[in-house]
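Shown next: data06.csv, containing CSV, C-alpha atoms.
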```csv
chain,number,residue,atom,x,y,z
A,1,MET,CA,-14.4,116.8,172.0
A,2,LYS,CA,-17.1,117.5,174.5
A,3,LYS,CA,-17.4,120.8,176.5
A,4,LYS,CA,-16.6,119.0,179.7
A,5,ASP,CA,-13.2,118.1,178.2
A,6,ILE,CA,-12.2,121.7,177.7
A,7,VAL,CA,-10.1,123.8,180.1
A,8,LYS,CA,-11.8,127.2,180.2
A,9,SER,CA,-11.1,129.0,183.5
A,10,ARG,CA,-8.3,131.5,183.8
A,11,ILE,CA,-7.1,129.9,187.0
A,12,ASP,CA,-6.7,126.5,185.4
A,13,PHE,CA,-4.9,128.0,182.4
A,14,ASN,CA,-2.4,129.9,184.6
A,15,ASN,CA,-1.9,126.9,186.9
A,16,ILE,CA,-1.0,124.6,184.0
A,17,ILE,CA,1.2,127.2,182.3
A,18,GLN,CA,3.1,128.0,185.5
A,19,ASN,CA,3.4,124.5,187.0
A,20,GLY,CA,3.4,122.3,184.0
A,21,LYS,CA,6.0,121.2,181.5
A,22,LYS,CA,6.5,122.7,178.0
A,23,VAL,CA,7.2,121.5,174.5
A,24,SER,CA,7.2,123.8,171.6
A,25,ASN,CA,8.0,124.2,167.9
A,26,GLU,CA,7.6,127.1,165.5
A,27,CYS,CA,3.7,126.7,165.3
A,28,PHE,CA,2.7,125.7,168.8
A,29,ALA,CA,3.7,125.9,172.4
A,30,ILE,CA,2.1,123.1,174.5
A,31,TYR,CA,2.0,123.2,178.2
A,32,TYR,CA,0.9,120.0,180.0
A,33,LYS,CA,0.4,118.8,183.5
A,34,ASP,CA,-1.0,115.6,185.1
A,35,ASN,CA,-4.5,116.0,186.7
A,36,ASN,CA,-6.6,114.0,189.2
A,37,ILE,CA,-9.4,113.5,186.7
A,38,SER,CA,-9.4,110.3,184.6
A,39,LYS,CA,-9.8,112.1,181.3
A,40,CYS,CA,-7.7,114.4,179.2
A,41,ARG,CA,-8.7,118.1,179.0
A,42,TYR,CA,-7.6,120.7,176.4
A,43,GLY,CA,-7.4,124.4,176.2
A,44,VAL,CA,-6.6,126.4,173.1
A,45,SER,CA,-5.2,130.0,173.1
A,46,VAL,CA,-4.6,132.3,170.1
A,47,GLY,CA,-3.2,135.7,171.1
A,48,THR,CA,-4.9,139.0,170.4
A,49,LYS,CA,-1.8,140.2,168.6
A,50,LEU,CA,-2.3,137.7,165.8
A,51,GLY,CA,-5.6,139.1,164.5
A,52,ASN,CA,-9.2,140.1,165.2
A,53,ALA,CA,-11.8,137.8,166.8
A,54,VAL,CA,-12.9,136.3,163.5
A,55,PHE,CA,-9.3,135.3,162.7
A,56,ARG,CA,-8.6,133.9,166.2
A,57,ASN,CA,-11.8,131.8,166.2
A,58,LYS,CA,-11.0,130.4,162.8
A,59,TYR,CA,-7.6,129.1,164.0
A,60,LYS,CA,-9.2,127.9,167.3
A,61,ARG,CA,-11.6,125.8,165.2
A,62,LYS,CA,-8.7,124.4,163.1
A,63,ILE,CA,-6.8,123.5,166.2
A,64,ARG,CA,-9.8,121.8,167.9
A,65,MET,CA,-10.4,119.8,164.8
A,66,ILE,CA,-6.7,118.6,164.8
A,67,ILE,CA,-7.1,117.7,168.5
A,68,THR,CA,-10.3,115.7,168.0
A,69,THR,CA,-8.9,113.8,165.0
A,70,ASN,CA,-5.8,112.9,166.9
A,71,MET,CA,-7.3,112.3,170.3
A,72,ASN,CA,-6.1,108.7,170.4
A,73,LEU,CA,-2.4,109.6,170.3
A,74,LEU,CA,-2.1,110.3,174.1
A,75,ASP,CA,-1.8,107.1,176.0
A,76,LYS,CA,-2.4,108.7,179.4
A,77,LYS,CA,-5.8,110.1,179.7
A,78,ASN,CA,-5.1,112.1,182.9
A,79,LYS,CA,-3.4,115.2,181.4
A,80,ASP,CA,-4.4,118.8,181.1
A,81,ILE,CA,-3.0,120.4,177.9
A,82,ILE,CA,-2.9,124.0,176.9
A,83,ILE,CA,-2.1,124.7,173.2
A,84,ILE,CA,-0.9,128.2,172.4
A,85,PHE,CA,-0.8,129.1,168.7
A,86,ARG,CA,2.2,131.1,167.5
A,87,GLN,CA,2.4,133.7,164.7
A,88,SER,CA,4.7,131.6,162.5
A,89,GLY,CA,1.9,129.0,162.1
A,90,ILE,CA,-0.4,131.4,160.2
A,91,ASP,CA,1.2,130.7,156.9
A,92,LYS,CA,1.0,126.9,157.3
A,93,ALA,CA,-1.6,124.6,155.7
A,94,TYR,CA,-3.9,122.5,157.8
A,95,GLN,CA,-1.9,119.3,157.1
A,96,GLU,CA,1.3,120.9,158.1
A,97,LEU,CA,-0.2,122.2,161.4
A,98,GLU,CA,-1.4,118.7,162.1
A,99,LYS,CA,2.0,117.2,161.5
A,100,LYS,CA,3.6,119.8,163.9
A,101,TYR,CA,0.9,119.0,166.5
A,102,ILE,CA,1.5,115.3,166.2
A,103,ASN,CA,5.3,115.8,166.6
A,104,LEU,CA,4.7,117.7,169.9
A,105,ILE,CA,2.3,115.0,171.2
A,106,GLU,CA,5.0,112.4,170.5
A,107,LYS,CA,7.5,114.4,172.5
A,108,ILE,CA,5.0,114.5,175.4
A,109,LYS,CA,4.6,110.8,175.2
A,110,GLU,CA,8.4,110.4,175.5
A,111,ASN,CA,8.6,112.4,178.7
```
For this file, produce the structure as structure tokens.
Amino acid sequence: MKKKDIVKSRIDFNNIIQNGKKVSNECFAIYYKDNNISKCRYGVSVGTKLGNAVFRNKYKRKIRMIITTNMNLLDKKNKDIIIIFRQSGIDKAYQELEKKYINLIEKIKEN
């Protein structure tokens, strides 16, 4: 995933969360919204209540790796997606997190 494919600004995050649709499970909450760009952009958020900066960055790296390995799952390339990591996902292994993410992406494809 290239840096230009990442949603970074607070305005974009808030816009997607407030005006987009939501799918969720016990590990992730994913907000998504169509965009006018011909590519898919992602943003990852891990709350400060979950741990310190080292912990949060560790999980952000895991989530970004899951995204890059499964980038081909989305058919439409014109979506902005915000992935919020939940506390119950801390105990899960990488493979289980990946399965939970894939299930949510399948739900997005159905809508």
Interatomic distance (Å, one decimal) between CA of Val7 in chain A and CA of Gly47 in chain A: 16.4 Å
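Only residues having an atom at most 7 Å from (1.9, 123.5, 172.4) are included; using only C-alpha atoms, these are Val23, Ser24, Phe28, Ala29, Ile30, Tyr31, Ile82, Ile83, Ile84 and Leu104 of chain A.
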Top pick for closest residue to Ser45 in chain A, considering A:Ile11, A:Leu74, A:Met65, A:Ile81 and counting only C-alpha atoms: A:Ile81
For Glu106 in chain A, find every residue with an atom within 12 Å (counting all atoms listed in the file), except residues of its own chain fewer than 3 positions away, and show them as a ChimeraX atom specification. /A:23-24,30,70,72-75,99-103,109-111
Minimum-distance residue to Asn57 in chain A, chosen among A:Asp5, A:Phe85, A:Gln18, A:Asn25 (using only C-alpha atoms):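 Comparing A:Asp5, A:Phe85, A:Gln18, A:Asn25 against Asn57 in chain A, the winner is A:Phe85.
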